>>> print(open('structure.txt').read())   # compact mmCIF, C-alpha atoms
# COMPACT_ATOMS: atom_id res chain seq x y z
CA MET A 1 119.23 129.03 99.29
CA THR A 2 121.12 127.11 96.63
CA GLU A 3 119.53 126.48 93.26
CA ALA A 4 118.69 122.87 92.40
CA PRO A 5 121.07 121.49 89.75
CA ARG A 6 119.78 120.38 86.38
CA LEU A 7 120.20 116.68 85.71
CA GLU A 8 121.93 115.50 82.57
CA PRO A 9 121.22 112.14 80.89
CA HIS A 10 123.37 109.19 81.85
CA PRO A 11 126.39 109.29 79.51
CA ALA A 12 126.35 105.61 78.51
CA ALA A 13 124.48 104.80 75.29
CA LEU A 14 122.38 101.63 75.33
CA PRO A 15 123.85 98.51 73.69
CA ALA A 16 122.00 96.84 70.83
CA ASP A 17 120.80 93.86 72.86
CA GLU A 18 119.21 96.15 75.44
CA LEU A 19 117.41 98.10 72.72
CA VAL A 20 116.07 94.86 71.26
CA GLU A 21 114.78 93.78 74.66
CA LEU A 22 113.11 97.16 75.10
CA TYR A 23 111.48 96.80 71.68
CA ARG A 24 110.27 93.30 72.56
CA LEU A 25 108.72 94.52 75.80
CA MET A 26 107.13 97.57 74.20
CA THR A 27 105.61 95.39 71.48
CA LYS A 28 104.09 93.10 74.11
CA VAL A 29 102.72 96.10 75.94
CA ARG A 30 101.12 97.52 72.78
CA HIS A 31 99.47 94.19 71.93
CA LEU A 32 98.15 93.69 75.45
CA ASP A 33 96.95 97.28 75.78
CA THR A 34 95.09 97.21 72.47
CA SER A 35 93.53 93.87 73.36
CA ALA A 36 92.47 95.02 76.82
CA ILE A 37 90.31 97.71 75.22
CA ALA A 38 88.64 95.01 73.12
CA TRP A 39 88.21 92.83 76.20
CA GLN A 40 86.32 95.64 77.89
CA ARG A 41 84.04 96.03 74.87
CA GLN A 42 83.45 92.26 74.96
CA GLY A 43 82.54 92.30 78.64
CA ILE A 44 85.66 90.50 79.87
CA LEU A 45 86.78 93.58 81.82
CA PRO A 46 84.46 96.16 83.45
CA GLY A 47 86.88 98.99 82.69
CA TYR A 48 90.42 99.77 81.58
CA ALA A 49 92.73 102.81 81.34
CA PRO A 50 94.57 102.63 77.97
CA MET A 51 98.22 103.68 77.70
CA GLN A 52 98.92 103.69 73.95
CA GLY A 53 101.77 106.09 73.21
CA GLN A 54 103.32 105.78 76.65
CA GLU A 55 105.10 102.46 76.15
CA ALA A 56 108.59 103.96 75.97
CA ALA A 57 108.05 106.07 79.08
CA GLN A 58 106.86 103.17 81.20
CA VAL A 59 109.13 100.39 79.97
CA GLY A 60 112.20 102.62 79.78
CA SER A 61 111.82 104.07 83.27
CA VAL A 62 111.41 100.68 84.97
CA LYS A 63 114.39 99.26 83.08
CA ALA A 64 116.50 101.98 84.67
CA MET A 65 115.73 100.58 88.13
CA ASP A 66 117.27 97.74 90.14
CA MET A 67 114.19 95.61 90.72
CA ASN A 68 116.04 93.47 93.27
CA ARG A 69 115.97 96.30 95.79
CA ASP A 70 114.05 99.29 94.40
CA PHE A 71 110.27 99.69 94.47
CA VAL A 72 107.80 100.95 91.85
CA PHE A 73 104.66 102.87 92.80
CA PRO A 74 102.19 102.89 89.89
CA THR A 75 98.88 104.59 89.21
CA TYR A 76 96.03 102.92 87.30
CA ARG A 77 97.66 103.33 83.87
CA GLU A 78 101.00 101.55 84.38
CA MET A 79 100.39 98.19 82.76
CA GLY A 80 103.59 98.71 80.75
CA ALA A 81 105.60 99.43 83.87
CA ALA A 82 104.24 96.31 85.58
CA LEU A 83 105.06 94.14 82.58
CA ALA A 84 108.60 95.55 82.42
CA ALA A 85 109.03 94.78 86.12
CA GLY A 86 108.07 91.16 85.49
CA VAL A 87 104.66 91.21 87.19
CA ASP A 88 102.40 88.28 86.33
CA MET A 89 99.99 89.85 83.83
CA PRO A 90 96.85 87.78 84.52
CA GLU A 91 97.27 88.59 88.21
CA PHE A 92 97.84 92.25 87.37
CA MET A 93 94.76 92.42 85.12
CA ALA A 94 92.62 90.97 87.92
CA THR A 95 92.26 94.54 89.14
CA HIS A 96 90.65 95.62 85.88
CA LYS A 97 88.39 92.59 86.07
CA ALA A 98 87.33 93.79 89.53
CA THR A 99 88.15 90.44 91.12
CA TRP A 100 90.68 91.93 93.52
CA ASN A 101 91.66 95.36 94.77
CA GLY A 102 95.11 96.29 93.49
CA GLY A 103 95.84 93.04 91.68
CA LEU A 104 96.34 89.44 92.75
CA TYR A 105 100.11 89.61 92.33
CA ASP A 106 102.53 89.58 95.25
CA ALA A 107 103.69 93.18 95.60
CA THR A 108 106.68 92.25 97.76
CA LYS A 109 107.87 89.63 95.26
CA TYR A 110 107.71 91.89 92.21
CA ARG A 111 108.45 95.11 94.14
CA VAL A 112 105.52 96.88 92.50
CA THR A 113 102.81 98.22 94.79
CA PRO A 114 99.12 97.58 94.05
CA ILE A 115 97.42 99.80 91.49
CA GLN A 116 96.59 103.22 92.96
CA THR A 117 93.44 105.00 91.75
CA VAL A 118 93.67 107.96 94.13
CA ILE A 119 95.24 110.69 92.02
CA ALA A 120 98.76 111.42 93.36
CA GLY A 121 98.10 109.30 96.46
CA SER A 122 100.93 106.88 95.84
CA ALA A 123 103.45 109.74 95.89
CA LEU A 124 103.05 109.90 99.66
CA HIS A 125 103.46 106.14 99.93
CA ALA A 126 106.61 106.24 97.81
CA VAL A 127 108.19 109.03 99.83
CA GLY A 128 107.29 107.22 103.06
CA TRP A 129 108.93 104.03 101.81
CA GLY A 130 112.00 105.91 100.60
CA HIS A 131 112.31 107.75 103.91
CA GLY A 132 112.22 104.39 105.66
CA GLN A 133 115.13 103.15 103.54
CA ARG A 134 117.20 106.15 104.56
CA LEU A 135 116.32 105.73 108.25
CA ASP A 136 117.25 102.04 108.07
CA ALA A 137 120.67 102.96 106.68
CA ILE A 138 121.22 105.47 109.49
CA ARG A 139 120.05 103.02 112.16
CA GLU A 140 122.24 100.22 110.83
CA GLY A 141 125.29 102.44 110.43
CA ARG A 142 125.41 102.02 106.66
CA PRO A 143 126.55 104.89 104.44
CA GLU A 144 123.73 106.82 102.77
CA THR A 145 125.39 106.53 99.40
CA ASP A 146 123.77 103.37 98.02
CA LEU A 147 120.11 103.52 98.98
CA PRO A 148 117.16 101.53 97.60
CA THR A 149 115.13 103.98 95.54
CA ALA A 150 111.42 104.48 94.87
CA LEU A 151 110.05 105.21 91.40
CA ILE A 152 106.72 107.00 91.61
CA PHE A 153 104.56 107.43 88.51
CA LEU A 154 102.29 110.41 88.13
CA GLY A 155 100.69 112.33 85.31
CA ASP A 156 100.68 116.04 84.53
CA GLY A 157 97.17 116.20 86.01
CA ALA A 158 98.29 114.59 89.26
CA SER A 159 101.00 117.23 89.62
CA SER A 160 98.24 119.72 90.45
CA GLN A 161 97.18 117.78 93.55
CA GLY A 162 98.17 118.83 97.04
CA ASP A 163 99.63 115.39 97.78
CA ILE A 164 102.39 116.09 95.26
CA HIS A 165 103.35 119.31 97.05
CA GLU A 166 103.52 117.48 100.37
CA ALA A 167 105.48 114.58 98.88
CA MET A 168 108.01 116.76 97.06
CA ASN A 169 108.45 119.13 99.98
CA PHE A 170 109.04 116.29 102.46
CA ALA A 171 111.36 114.47 100.07
CA GLY A 172 113.32 117.64 99.38
CA ILE A 173 113.79 118.40 103.07
CA PHE A 174 114.74 114.88 104.17
CA LYS A 175 116.65 113.91 101.02
CA THR A 176 114.43 110.93 100.39
CA PRO A 177 115.67 108.49 97.70
CA VAL A 178 112.73 108.79 95.30
CA VAL A 179 112.31 109.61 91.62
CA PHE A 180 109.13 111.42 90.64
CA PHE A 181 108.48 110.16 87.11
CA VAL A 182 105.98 112.44 85.40
CA GLN A 183 104.34 111.12 82.26
CA ASN A 184 103.20 114.38 80.74
CA ASN A 185 100.80 112.92 78.18
CA GLY A 186 99.23 116.25 77.31
CA TRP A 187 95.90 115.69 79.02
CA ALA A 188 94.45 115.60 82.54
CA ILE A 189 91.40 113.61 81.41
CA SER A 190 89.81 116.31 79.19
CA VAL A 191 91.92 119.30 80.24
CA PRO A 192 95.11 120.07 78.28
CA THR A 193 98.34 120.53 80.18
CA GLU A 194 98.58 124.25 79.42
CA GLN A 195 95.29 124.85 81.22
CA GLN A 196 96.21 123.11 84.47
CA VAL A 197 100.01 123.21 84.90
CA ALA A 198 101.08 126.75 85.75
CA GLY A 199 104.34 127.54 84.01
CA GLY A 200 103.82 124.73 81.51
CA SER A 201 106.34 122.33 83.02
CA VAL A 202 106.26 120.01 86.02
CA ALA A 203 110.06 119.68 85.95
CA ALA A 204 110.41 123.42 86.50
CA ARG A 205 108.60 123.12 89.80
CA GLY A 206 111.43 121.06 91.22
CA ALA A 207 113.51 124.18 91.83
CA GLY A 208 111.03 125.33 94.45
CA TYR A 209 111.73 122.20 96.48
CA GLY A 210 115.46 122.07 95.77
CA ILE A 211 114.94 118.99 93.60
CA PRO A 212 116.95 118.58 90.39
CA ALA A 213 114.95 117.67 87.29
CA ILE A 214 115.32 116.52 83.72
CA LYS A 215 112.80 117.00 80.93
CA LEU A 216 113.07 114.53 78.07
CA ASP A 217 111.39 113.00 75.02
CA GLY A 218 109.08 110.36 76.47
CA ASN A 219 108.62 108.77 73.04
CA ASP A 220 112.34 107.94 72.81
CA VAL A 221 112.95 104.88 74.97
CA GLU A 222 116.73 105.36 75.08
CA ALA A 223 116.27 108.95 76.26
CA VAL A 224 113.92 107.68 78.96
CA VAL A 225 116.35 105.01 80.20
CA ARG A 226 119.33 107.35 80.27
CA GLY A 227 117.40 110.20 81.89
CA THR A 228 115.87 107.97 84.54
CA ARG A 229 119.24 106.34 85.27
CA ALA A 230 120.70 109.74 85.97
CA ALA A 231 117.82 110.53 88.31
CA VAL A 232 118.14 107.18 90.09
CA GLU A 233 121.89 107.57 90.55
CA HIS A 234 121.29 110.99 92.12
CA ALA A 235 118.64 109.67 94.52
CA ARG A 236 120.48 106.45 95.35
CA SER A 237 123.66 108.29 96.28
CA GLY A 238 121.97 110.11 99.15
CA LYS A 239 121.61 113.46 97.38
CA GLY A 240 117.84 113.42 97.64
CA PRO A 241 114.92 113.16 95.20
CA ALA A 242 114.87 113.87 91.47
CA ILE A 243 112.16 114.62 88.91
CA VAL A 244 111.90 113.18 85.41
CA GLU A 245 109.32 114.75 83.11
CA ALA A 246 108.76 112.55 80.07
CA MET A 247 106.92 114.43 77.34
CA THR A 248 104.65 111.96 75.60
CA TYR A 249 101.02 111.72 74.45
CA ARG A 250 97.96 109.73 75.46
CA ARG A 251 96.89 108.48 72.04
CA GLY A 252 93.70 106.84 73.26
CA PRO A 253 90.92 107.80 75.67
CA HIS A 254 91.49 108.49 79.35
CA SER A 255 89.58 105.28 80.08
CA THR A 256 87.22 102.97 78.25
CA SER A 257 84.33 105.13 79.49
CA ASP A 258 85.84 108.28 77.98
CA ASP A 259 85.14 109.81 74.56
CA PRO A 260 88.15 111.94 73.59
CA GLY A 261 86.22 113.24 70.60
CA ARG A 262 84.36 115.52 73.01
CA TYR A 263 87.46 117.58 73.76
CA ARG A 264 89.94 117.03 70.90
CA THR A 265 89.79 116.23 67.21
CA LEU A 266 91.60 113.63 65.13
CA GLU A 267 93.52 116.52 63.57
CA ASP A 268 94.64 117.56 67.07
CA GLU A 269 95.85 114.04 67.78
CA ARG A 270 97.79 113.77 64.53
CA ARG A 271 99.41 117.15 65.11
CA ASP A 272 100.29 116.73 68.79
CA ALA A 273 101.00 113.01 69.26
CA GLY A 274 104.57 113.10 67.97
CA ALA A 275 106.49 110.03 66.92
CA ASP A 276 105.07 106.63 67.77
CA PRO A 277 107.61 105.22 70.28
CA ILE A 278 107.44 101.66 68.96
CA GLU A 279 107.55 102.54 65.28
CA SER A 280 110.50 104.85 65.88
CA LEU A 281 112.53 102.21 67.69
CA ARG A 282 111.68 99.56 65.10
CA ALA A 283 112.79 101.84 62.27
CA ARG A 284 116.06 102.52 64.08
CA LEU A 285 116.79 98.85 64.70
CA LEU A 286 116.00 97.94 61.09
CA ALA A 287 118.06 100.80 59.71
CA ASP A 288 121.22 99.90 61.65
CA GLY A 289 120.85 96.18 60.93
CA THR A 290 120.21 95.15 64.52
CA LEU A 291 116.93 93.55 63.42
CA ASP A 292 115.66 92.32 60.10
CA ALA A 293 112.10 91.80 58.87
CA ASP A 294 112.01 88.18 60.01
CA ALA A 295 113.08 89.13 63.53
CA VAL A 296 110.39 91.82 63.70
CA THR A 297 107.78 89.30 62.57
CA ALA A 298 108.92 86.84 65.22
CA ILE A 299 108.68 89.50 67.94
CA GLN A 300 105.17 90.42 66.78
CA ALA A 301 104.14 86.75 66.87
CA GLU A 302 105.57 86.36 70.37
CA ALA A 303 103.57 89.38 71.51
CA ALA A 304 100.37 88.00 69.98
CA ASP A 305 100.88 84.65 71.72
CA PHE A 306 101.54 86.44 75.01
CA GLU A 307 98.34 88.45 74.66
CA GLU A 308 96.28 85.35 73.92
CA ALA A 309 97.71 83.45 76.90
CA THR A 310 96.96 86.42 79.14
CA ARG A 311 93.38 86.65 77.87
CA LEU A 312 92.71 82.99 78.52
CA ALA A 313 94.13 83.24 82.03
CA VAL A 314 92.10 86.34 82.82
CA GLN A 315 88.89 84.73 81.58
CA ALA A 316 89.59 81.66 83.70
CA GLN A 317 89.69 83.72 86.88
CA GLY A 318 86.67 83.05 89.06
CA PRO A 319 85.20 85.22 91.80
CA ARG A 320 87.17 85.62 94.99
CA PRO A 321 85.84 84.21 98.28
CA GLY A 322 83.55 86.78 99.84
CA ALA A 323 85.13 86.36 103.27
CA GLU A 324 88.29 88.02 101.97
CA MET A 325 86.60 91.41 102.26
CA PHE A 326 87.11 91.19 106.02
CA GLU A 327 90.61 89.74 106.07
CA TYR A 328 92.73 92.56 104.65
CA VAL A 329 91.22 95.67 106.23
CA TYR A 330 93.47 95.88 109.30
CA GLN A 331 96.61 94.07 110.37
CA GLU A 332 94.65 92.87 113.39
CA GLN A 333 90.90 92.54 113.06
CA THR A 334 88.79 94.74 115.34
CA GLU A 335 85.93 93.24 117.34
CA ALA A 336 83.42 95.10 115.18
CA LEU A 337 84.95 93.64 112.02
CA LYS A 338 84.94 90.15 113.52
CA GLN A 339 81.23 90.53 114.30
CA GLN A 340 80.53 91.70 110.76
CA ALA A 341 82.43 88.73 109.33
CA THR A 342 80.50 86.30 111.54
CA GLN A 343 77.20 87.86 110.56
CA TRP A 344 78.11 87.75 106.87
CA ARG A 345 79.01 84.06 107.06
CA GLU A 346 75.81 83.20 108.87
CA GLU A 347 73.69 85.05 106.33
CA SER A 348 75.64 83.61 103.38
CA GLU A 349 75.37 80.06 104.63
CA HIS A 350 71.68 80.57 105.32
CA VAL A 351 71.14 81.80 101.76
>>> encode(input="structure.txt", output="structure tokens")
Amino acid sequence: MTEAPRLEPHPAALPADELVELYRLMTKVRHLDTSAIAWQRQGILPGYAPMQGQEAAQVGSVKAMDMNRDFVFPTYREMGAALAAGVDMPEFMATHKATWNGGLYDATKYRVTPIQTVIAGSALHAVGWGHGQRLDAIREGRPETDLPTALIFLGDGASSQGDIHEAMNFAGIFKTPVVFFVQNNGWAISVPTEQQVAGGSVAARGAGYGIPAIKLDGNDVEAVVRGTRAAVEHARSGKGPAIVEAMTYRRGPHSTSDDPGRYRTLEDERRDAGADPIESLRARLLADGTLDADAVTAIQAEAADFEEATRLAVQAQGPRPGAEMFEYVYQEQTEALKQQATQWREESEHV
């Protein structure tokens, strides 16, 4: 058995304009994420999973993809990834408002699947989609050297689920074009990584499946883009899956119903959180003259306006028609489901 090679970052450094765009997106993400927590406290949203600290990991990884042909498979914490992919944010936030399962946005248009709340469940979907891309290339007689690629998000906690073993094993055997992007944010809800990831690294597990991996600083957006690009190039070229483990930190609670003070202290957070990804990039862009104070202020104002427009649109969303609960269960409705729908309409109209 041959040992899986270690991936190296993509050699090309990011140009200044790309770094500015990444900073602009990350600033929007931070504003919207912070506001979403407030919206939940105000009763606008029933619940929300914050992502503060993971902006570079999410924005940087998506920006390494070709969103004209690739597909992103998020969990419930990937608001930043969705924004970077261009998803309509009010439609995305409809999930958190509980007006629609998975979001109102068109998944095929934006090439981002609906939000997945089953831990590690979307890894199987991603591998299935990626396997289909490879089979299509074989069936159509196309070379397997330029394949559409799936980007699957998972956390360090999800890496302990059996679905991840099945997904990685299948992908490794069939050389599925998929990148497993692990946001190791230090916590699986209230359990620290060292207490639930044997060996201390998800990337190290790739060797057991013959999957090359790269472990990088998830708070450095350029490192994330270059590392993910290397992984995507590997998968796209027909060499099989790759793993990216982005070491970052969940600076807020697991969800708006969580109290992180029950399992870690403020001193722990200050010690372990590392560099703030947005502050670090801003300092770099100011230091090298790419941005000045006025430009930073303008970007902040743009992000604030974006957040306010999103809030107004989310609040304007009304309830969905009740009949929709029967329309998207199966591709073709069963007789039993048709009977239930008829009964529901009769009872609703009677009421």
>>> residues_around(input="structure.txt", residues="A:Arg205", least_positions_apart="5", cutoff="10 Å", atoms="all atoms listed in the file", output="JSON, numbers by chain")
{"A": [159, 165, 168, 197, 198, 199, 200, 210, 211, 212, 213, 243]}
>>> closest_residue(input="structure.txt", among="A:Asp88, A:Glu222, A:Glu302, A:Glu245", to="A:Gly206", atoms="all atoms listed in the file")
A:Glu245
>>> closest_residue(input="structure.txt", among="A:Lys215, A:Arg134, A:Arg236, A:Arg229", to="A:Asp146", atoms="all atoms listed in the file")
A:Arg236
>>> closest_atom_pairs(input="structure.txt", of="stretch 156-181 of chain A", to="stretch 73-76 of chain A", cutoff="12 Å", atoms="all atoms listed in the file", output="CSV")
residue,atom,partner,partner_atom,distance
A:Ala158,CA,A:Thr75,CA,10.0
A:Val178,CA,A:Phe73,CA,10.3
A:Val179,CA,A:Phe73,CA,10.3
A:Phe180,CA,A:Phe73,CA,9.9
A:Phe181,CA,A:Phe73,CA,10.0
>>> write_last_selection(input="structure.txt", atoms="C-alpha atoms", output="compact mmCIF listing (two decimals), keeping the file's coordinate frame")
# COMPACT_ATOMS: atom_id res chain seq x y z
CA ALA A 158 98.29 114.59 89.26
CA VAL A 178 112.73 108.79 95.30
CA VAL A 179 112.31 109.61 91.62
CA PHE A 180 109.13 111.42 90.64
CA PHE A 181 108.48 110.16 87.11
>>> residues_around(input="structure.txt", residues="A:Gly86", least_positions_apart="4", cutoff="10 Å", atoms="all atoms listed in the file", output="list in words")
Met67, Gly80, Ala81, Ala82, Lys109, Tyr110, Arg111 and Val112 of chain A
